[in-house]
>>> print(open('run-v9.csv').read())   # CSV, C-alpha atoms
chain,number,residue,atom,x,y,z
A,1,THR,CA,-84.1,155.8,190.9
A,2,VAL,CA,-84.1,154.0,187.5
A,3,TYR,CA,-86.2,156.8,186.1
A,4,ASN,CA,-83.9,159.5,187.4
A,5,ALA,CA,-80.9,157.7,186.0
A,6,SER,CA,-82.5,157.3,182.6
A,7,SER,CA,-83.5,161.0,182.6
A,8,THR,CA,-79.9,162.0,183.4
A,9,LEU,CA,-78.5,159.7,180.7
A,10,LEU,CA,-80.9,161.1,178.1
A,11,ARG,CA,-80.0,164.7,179.1
A,12,GLN,CA,-76.3,163.9,178.9
A,13,ASN,CA,-76.7,162.2,175.5
A,14,SER,CA,-78.6,165.3,174.3
A,15,GLU,CA,-75.9,167.6,175.5
A,16,MET,CA,-73.2,165.5,173.9
A,17,ALA,CA,-75.1,165.5,170.6
A,18,GLU,CA,-75.4,169.3,170.8
A,19,SER,CA,-71.7,169.7,171.6
A,20,LYS,CA,-70.8,167.4,168.7
A,21,GLU,CA,-72.9,169.5,166.3
A,22,GLN,CA,-71.3,172.7,167.6
A,23,LEU,CA,-67.9,171.2,167.2
A,24,GLN,CA,-68.7,170.1,163.6
A,25,GLU,CA,-70.1,173.5,162.7
A,26,ALA,CA,-66.9,175.1,164.1
A,27,LEU,CA,-64.8,172.8,162.0
A,28,ARG,CA,-66.8,173.6,158.9
A,29,LYS,CA,-66.4,177.3,159.5
A,30,LEU,CA,-62.6,176.9,160.0
A,31,ASN,CA,-62.4,174.8,156.8
A,32,ARG,CA,-64.3,177.5,154.9
A,33,SER,CA,-62.0,180.1,156.3
A,34,TYR,CA,-58.9,178.1,155.2
A,35,ARG,CA,-60.3,177.7,151.7
A,36,GLU,CA,-61.3,181.4,151.4
A,37,THR,CA,-57.7,182.4,152.5
A,38,VAL,CA,-56.2,180.1,149.9
A,39,ALA,CA,-58.5,181.4,147.2
A,40,ALA,CA,-57.6,185.0,148.1
A,41,ALA,CA,-53.9,184.3,148.0
A,42,SER,CA,-54.3,182.6,144.6
A,43,ALA,CA,-56.3,185.5,143.2
A,44,ALA,CA,-53.7,188.0,144.5
A,45,ILE,CA,-51.0,186.1,142.5
A,46,ASP,CA,-53.0,185.9,139.3
A,47,ALA,CA,-54.0,189.6,139.6
A,48,ARG,CA,-50.4,190.8,139.0
A,49,ASP,CA,-51.2,191.1,135.3
A,50,ALA,CA,-54.3,190.7,133.0
A,51,TYR,CA,-52.9,187.7,131.2
A,52,THR,CA,-52.9,185.4,134.3
A,53,ALA,CA,-56.2,186.6,135.8
A,54,GLY,CA,-58.2,183.6,136.8
A,55,HIS,CA,-55.4,181.2,135.7
A,56,SER,CA,-55.1,179.3,139.0
A,57,ARG,CA,-58.9,178.9,139.4
A,58,ARG,CA,-59.1,177.5,135.9
A,59,VAL,CA,-56.2,175.1,136.6
A,60,ALA,CA,-57.9,174.0,139.7
A,61,ASP,CA,-61.2,173.4,137.9
A,62,ILE,CA,-59.5,171.3,135.2
A,63,ALA,CA,-57.4,169.4,137.7
A,64,CYS,CA,-60.4,168.5,139.8
A,65,LYS,CA,-62.4,167.3,136.7
A,66,VAL,CA,-59.5,165.0,135.9
A,67,GLY,CA,-59.2,163.8,139.5
A,68,LYS,CA,-62.9,163.0,139.7
A,69,GLU,CA,-62.7,161.1,136.4
A,70,LEU,CA,-59.8,159.1,137.9
A,71,GLY,CA,-62.0,158.3,140.9
A,72,LEU,CA,-59.7,160.1,143.4
A,73,GLU,CA,-61.0,160.1,147.0
A,74,ASP,CA,-62.5,163.3,148.4
A,75,SER,CA,-59.3,164.0,150.5
A,76,GLN,CA,-57.2,163.8,147.4
A,77,LEU,CA,-59.5,166.0,145.4
A,78,GLU,CA,-59.3,168.7,148.1
A,79,CYS,CA,-55.6,168.4,148.1
A,80,LEU,CA,-55.5,168.6,144.3
A,81,GLU,CA,-57.8,171.7,144.3
A,82,LEU,CA,-55.8,173.6,146.9
A,83,ALA,CA,-52.4,172.7,145.3
A,84,ALA,CA,-53.7,173.9,141.9
A,85,LEU,CA,-54.9,177.2,143.4
A,86,LEU,CA,-51.5,177.7,145.0
A,87,HIS,CA,-49.2,176.2,142.4
A,88,ASP,CA,-47.8,179.6,141.2
A,89,ILE,CA,-47.6,181.3,144.6
A,90,GLY,CA,-43.8,181.2,144.3
A,91,LYS,CA,-44.1,183.7,141.5
A,92,ILE,CA,-44.6,186.3,144.1
A,93,GLY,CA,-40.8,186.5,144.3
A,94,ILE,CA,-40.4,186.9,140.5
A,95,PRO,CA,-40.0,190.5,139.2
A,96,ASP,CA,-42.9,191.7,137.1
A,97,TYR,CA,-40.5,192.6,134.2
A,98,ILE,CA,-39.7,188.9,133.9
A,99,LEU,CA,-43.3,187.6,134.3
A,100,ASN,CA,-44.7,190.1,131.8
A,101,LYS,CA,-41.8,190.1,129.3
A,102,PRO,CA,-43.2,190.1,125.8
A,103,GLY,CA,-40.1,188.5,124.3
A,104,LYS,CA,-37.9,185.5,124.9
A,105,LEU,CA,-36.4,185.2,128.4
A,106,GLU,CA,-32.6,185.4,128.9
A,107,ASP,CA,-31.0,182.4,130.6
A,108,GLU,CA,-30.8,184.1,133.9
A,109,GLU,CA,-34.4,185.3,133.7
A,110,PHE,CA,-35.5,181.7,133.0
A,111,LYS,CA,-33.6,180.4,135.9
A,112,LYS,CA,-35.5,182.8,138.1
A,113,ILE,CA,-38.8,181.5,136.7
A,114,GLN,CA,-37.6,178.0,137.3
A,115,ALA,CA,-37.1,178.8,141.0
A,116,HIS,CA,-40.8,179.5,141.6
A,117,PRO,CA,-41.8,175.9,142.7
A,118,VAL,CA,-39.1,175.9,145.4
A,119,LEU,CA,-39.9,179.4,146.4
A,120,GLY,CA,-43.6,178.5,146.7
A,121,TYR,CA,-42.8,175.4,148.8
A,122,SER,CA,-40.6,177.5,151.1
A,123,ILE,CA,-43.4,180.0,151.5
A,124,LEU,CA,-45.9,177.3,152.5
A,125,GLU,CA,-43.9,174.7,154.2
A,126,LYS,CA,-44.5,176.1,157.7
A,127,ILE,CA,-48.3,176.0,157.2
A,128,GLU,CA,-49.3,172.7,158.6
A,129,PHE,CA,-52.8,172.3,157.2
A,130,LEU,CA,-51.3,172.8,153.7
A,131,SER,CA,-48.7,170.1,154.1
A,132,PRO,CA,-50.5,167.5,151.9
A,133,MET,CA,-50.3,170.0,149.1
A,134,HIS,CA,-46.6,170.7,149.4
A,135,PRO,CA,-45.4,167.9,147.0
A,136,ALA,CA,-47.7,169.0,144.2
A,137,ILE,CA,-46.7,172.6,144.5
A,138,LEU,CA,-43.0,171.7,144.6
A,139,HIS,CA,-43.1,169.2,141.7
A,140,HIS,CA,-45.7,170.6,139.2
A,141,HIS,CA,-42.9,171.4,136.7
A,142,GLU,CA,-41.3,167.9,136.8
A,143,ARG,CA,-41.5,166.1,133.4
A,144,PHE,CA,-42.6,162.5,132.9
A,145,ASP,CA,-39.3,161.8,131.1
A,146,GLY,CA,-37.3,163.2,134.0
A,147,ALA,CA,-36.1,166.4,132.3
A,148,GLY,CA,-38.2,168.8,134.5
A,149,TYR,CA,-37.4,170.7,137.6
A,150,PRO,CA,-36.6,171.2,140.5
A,151,SER,CA,-35.7,167.5,141.3
A,152,GLY,CA,-35.6,165.7,137.9
A,153,LEU,CA,-38.3,163.2,139.0
A,154,LYS,CA,-39.7,161.0,136.3
A,155,GLY,CA,-42.7,158.8,135.8
A,156,ASP,CA,-44.5,157.6,138.9
A,157,GLU,CA,-41.8,159.3,141.1
A,158,ILE,CA,-43.8,162.5,140.5
A,159,PRO,CA,-46.8,162.7,142.8
A,160,ILE,CA,-50.1,162.2,140.9
A,161,GLU,CA,-51.4,165.5,142.1
A,162,ALA,CA,-48.4,167.2,140.5
A,163,ARG,CA,-48.8,165.3,137.3
A,164,ILE,CA,-52.4,166.4,137.0
A,165,VAL,CA,-51.7,170.0,137.9
A,166,ALA,CA,-48.9,170.0,135.2
A,167,ILE,CA,-51.5,169.0,132.5
A,168,ALA,CA,-54.0,171.6,133.6
A,169,ASP,CA,-51.4,174.3,133.9
A,170,VAL,CA,-50.0,173.9,130.4
A,171,PHE,CA,-53.4,173.5,128.8
A,172,ASP,CA,-54.7,176.8,130.3
A,173,ALA,CA,-51.4,178.5,129.4
A,174,LEU,CA,-51.8,177.4,125.8
A,175,TYR,CA,-55.4,178.3,125.6
A,176,SER,CA,-55.0,181.8,127.1
A,177,ASP,CA,-53.4,185.0,125.9
A,178,ARG,CA,-49.9,185.5,127.1
A,179,PRO,CA,-47.6,188.6,127.0
A,180,TYR,CA,-45.5,186.9,124.2
A,181,ARG,CA,-48.4,185.4,122.1
A,182,LYS,CA,-52.1,185.1,121.6
A,183,ALA,CA,-54.0,182.1,122.8
A,184,TYR,CA,-53.9,179.0,120.6
A,185,SER,CA,-57.1,177.6,119.2
A,186,LEU,CA,-58.5,174.6,121.1
A,187,GLU,CA,-57.5,172.3,118.2
A,188,ARG,CA,-53.9,173.5,118.2
A,189,ALA,CA,-53.6,173.5,122.0
A,190,LEU,CA,-54.7,169.9,122.2
A,191,GLU,CA,-52.3,169.0,119.4
A,192,ILE,CA,-49.4,170.5,121.4
A,193,MET,CA,-50.6,168.6,124.5
A,194,GLN,CA,-50.5,165.4,122.6
A,195,GLU,CA,-47.1,166.2,121.2
A,196,MET,CA,-45.8,166.6,124.7
A,197,THR,CA,-47.3,163.4,126.0
A,198,ALA,CA,-44.7,160.9,127.3
A,199,THR,CA,-42.0,163.6,127.5
A,200,HIS,CA,-43.8,166.2,129.7
A,201,PHE,CA,-47.0,164.4,130.7
A,202,ASP,CA,-48.2,161.0,132.0
A,203,PRO,CA,-49.8,159.4,128.9
A,204,GLU,CA,-52.5,157.7,131.0
A,205,LEU,CA,-53.5,161.1,132.5
A,206,VAL,CA,-53.6,162.7,129.1
A,207,LYS,CA,-56.0,160.1,127.9
A,208,THR,CA,-58.3,161.0,130.8
A,209,PHE,CA,-57.8,164.7,130.2
A,210,LEU,CA,-58.5,165.0,126.5
A,211,PRO,CA,-62.2,164.0,126.5
A,212,LEU,CA,-62.7,166.7,129.2
A,213,ALA,CA,-60.9,169.4,127.4
A,214,GLU,CA,-63.6,170.5,124.9
A,215,GLN,CA,-66.1,170.8,127.8
A,216,GLU,CA,-63.7,172.9,129.7
A,217,ALA,CA,-62.9,175.0,126.7
A,218,CYS,CA,-66.6,175.8,126.3
A,219,SER,CA,-66.8,177.1,129.9
A,220,HIS,CA,-63.6,179.0,129.4
A,221,GLU,CA,-65.1,181.0,126.5
>>> encode(input="run-v9.csv", output="structure tokens")
Amino acid sequence: TVYNASSTLLRQNSEMAESKEQLQEALRKLNRSYRETVAAASAAIDARDAYTAGHSRRVADIACKVGKELGLEDSQLECLELAALLHDIGKIGIPDYILNKPGKLEDEEFKKIQAHPVLGYSILEKIEFLSPMHPAILHHHERFDGAGYPSGLKGDEIPIEARIVAIADVFDALYSDRPYRKAYSLERALEIMQEMTATHFDPELVKTFLPLAEQEACSHE
């Protein structure tokens, strides 16, 4: 009887272990599916014109390097990467003639551009698994001095993921060709980033970012 009970227990343990592994594999596949969907959505937004091709992926790569240097936990790094990939998804609602305009934007056109974080948030707010990313997507255009949008948050009121995405976003924009100008040199791009420190960016995060920038620039070339 003891032998039979032991055999039954061993069989049940084996079945439980197998079920657990199957569940873990199913979750891994689901997570891969989520990430592939996010990457596809990000690429679709960037593909609207040649100037932004690959922008969100580069922003995500820069942001994750900064996050790792800061020692963020894996869950925060995942949130940071996905938020960076989707930070411009609200631009799906902005007309191409505004996004690709070679000259200065009119006031009304700029207001439409400024609406893209809120629009992006509204697109994604019903997707539950993306909820940790919502604050970074909504607030990546806030400024450290409080003069940003959409909420006028300042300093540590701005989620750290949004503060990191802001730095990565502006650096890649400066260091890439745009409809209205050619890319700045690495030296000039970093000068501009430093000039914007304490107004636009968290000074402590900029200190972390700057040593990583040259490495990122090499991979960008």
>>> atom_distance(input="run-v9.csv", atom1="atom CA of Glu214 of chain A", atom2="atom CA of Ala189 of chain A")
10.8 Å
>>> atom_distance(input="run-v9.csv", atom1="atom CA of Arg163 of chain A", atom2="atom CA of Arg181 of chain A")
25.2 Å
>>> atom_distance(input="run-v9.csv", atom1="atom CA of Val165 of chain A", atom2="atom CA of Glu108 of chain A")
25.5 Å
>>> residues_around(input="run-v9.csv", residues="Val66 of chain A", least_positions_apart="4", cutoff="12 Å", atoms="only C-alpha atoms", output="number ranges by chain")
A: 59-62, 70-72, 76-77, 80-81, 160-161, 163-168, 204-213, 215-216
>>> residues_around(input="run-v9.csv", residues="Pro95 of chain A", least_positions_apart="3", cutoff="12 Å", atoms="all atoms listed in the file", output="NGL selection string")
:A and (48-49 or 90-92 or 98-101 or 109-110 or 112-113 or 116)
>>> residues_near_point(input="run-v9.csv", point="(-55.3, 166.7, 150.6)", cutoff="12 Å", atoms="only C-alpha atoms", output="MDAnalysis selection string")
chainID A and resid 72:84 128:136 160:161
>>> residues_near_point(input="run-v9.csv", point="(-43.0, 161.0, 137.0)", cutoff="8 Å", atoms="all atoms listed in the file", output="VMD selection string")
chain A and resid 142 to 146 153 to 159 163 202
>>> decode(input="run-v9.csv", residues="segment 158-175 of chain A", atoms="N, CA and C atoms", output="PDB file, in the first residue's frame")
ATOM      1  N   ILE A 158       7.184  63.459 -13.394  1.00  0.00           N
ATOM      2  CA  ILE A 158       7.187  62.751 -14.671  1.00  0.00           C
ATOM      3  C   ILE A 158       7.683  61.328 -14.432  1.00  0.00           C
ATOM      4  N   PRO A 159       6.961  60.306 -14.872  1.00  0.00           N
ATOM      5  CA  PRO A 159       7.430  58.928 -14.684  1.00  0.00           C
ATOM      6  C   PRO A 159       8.837  58.748 -15.256  1.00  0.00           C
ATOM      7  N   ILE A 160       9.662  57.977 -14.545  1.00  0.00           N
ATOM      8  CA  ILE A 160      11.062  57.836 -14.986  1.00  0.00           C
ATOM      9  C   ILE A 160      11.152  57.256 -16.386  1.00  0.00           C
ATOM     10  N   GLU A 161      10.234  56.352 -16.739  1.00  0.00           N
ATOM     11  CA  GLU A 161      10.260  55.788 -18.090  1.00  0.00           C
ATOM     12  C   GLU A 161      10.033  56.874 -19.133  1.00  0.00           C
ATOM     13  N   ALA A 162       9.132  57.820 -18.838  1.00  0.00           N
ATOM     14  CA  ALA A 162       8.866  58.922 -19.758  1.00  0.00           C
ATOM     15  C   ALA A 162      10.076  59.846 -19.863  1.00  0.00           C
ATOM     16  N   ARG A 163      10.762  60.072 -18.743  1.00  0.00           N
ATOM     17  CA  ARG A 163      11.959  60.918 -18.758  1.00  0.00           C
ATOM     18  C   ARG A 163      13.070  60.290 -19.602  1.00  0.00           C
ATOM     19  N   ILE A 164      13.197  58.980 -19.521  1.00  0.00           N
ATOM     20  CA  ILE A 164      14.220  58.292 -20.306  1.00  0.00           C
ATOM     21  C   ILE A 164      13.857  58.298 -21.787  1.00  0.00           C
ATOM     22  N   VAL A 165      12.601  57.996 -22.105  1.00  0.00           N
ATOM     23  CA  VAL A 165      12.166  57.996 -23.512  1.00  0.00           C
ATOM     24  C   VAL A 165      12.358  59.384 -24.122  1.00  0.00           C
ATOM     25  N   ALA A 166      12.105  60.429 -23.355  1.00  0.00           N
ATOM     26  CA  ALA A 166      12.269  61.794 -23.864  1.00  0.00           C
ATOM     27  C   ALA A 166      13.702  62.046 -24.328  1.00  0.00           C
ATOM     28  N   ILE A 167      14.666  61.603 -23.531  1.00  0.00           N
ATOM     29  CA  ILE A 167      16.075  61.789 -23.889  1.00  0.00           C
ATOM     30  C   ILE A 167      16.415  61.010 -25.151  1.00  0.00           C
ATOM     31  N   ALA A 168      16.018  59.742 -25.189  1.00  0.00           N
ATOM     32  CA  ALA A 168      16.318  58.899 -26.348  1.00  0.00           C
ATOM     33  C   ALA A 168      15.637  59.422 -27.604  1.00  0.00           C
ATOM     34  N   ASP A 169      14.409  59.893 -27.463  1.00  0.00           N
ATOM     35  CA  ASP A 169      13.620  60.396 -28.586  1.00  0.00           C
ATOM     36  C   ASP A 169      14.277  61.619 -29.210  1.00  0.00           C
ATOM     37  N   VAL A 170      14.656  62.580 -28.384  1.00  0.00           N
ATOM     38  CA  VAL A 170      15.253  63.813 -28.905  1.00  0.00           C
ATOM     39  C   VAL A 170      16.632  63.541 -29.508  1.00  0.00           C
ATOM     40  N   PHE A 171      17.424  62.697 -28.843  1.00  0.00           N
ATOM     41  CA  PHE A 171      18.744  62.398 -29.393  1.00  0.00           C
ATOM     42  C   PHE A 171      18.636  61.777 -30.779  1.00  0.00           C
ATOM     43  N   ASP A 172      17.750  60.798 -30.936  1.00  0.00           N
ATOM     44  CA  ASP A 172      17.633  60.161 -32.246  1.00  0.00           C
ATOM     45  C   ASP A 172      17.104  61.141 -33.286  1.00  0.00           C
ATOM     46  N   ALA A 173      16.206  62.028 -32.893  1.00  0.00           N
ATOM     47  CA  ALA A 173      15.697  63.032 -33.826  1.00  0.00           C
ATOM     48  C   ALA A 173      16.811  63.976 -34.279  1.00  0.00           C
ATOM     49  N   LEU A 174      17.668  64.385 -33.345  1.00  0.00           N
ATOM     50  CA  LEU A 174      18.774  65.273 -33.683  1.00  0.00           C
ATOM     51  C   LEU A 174      19.797  64.593 -34.581  1.00  0.00           C
ATOM     52  N   TYR A 175      20.020  63.319 -34.338  1.00  0.00           N
ATOM     53  CA  TYR A 175      21.085  62.587 -35.002  1.00  0.00           C
ATOM     54  C   TYR A 175      20.599  61.888 -36.280  1.00  0.00           C
TER      55      TYR A 175
END
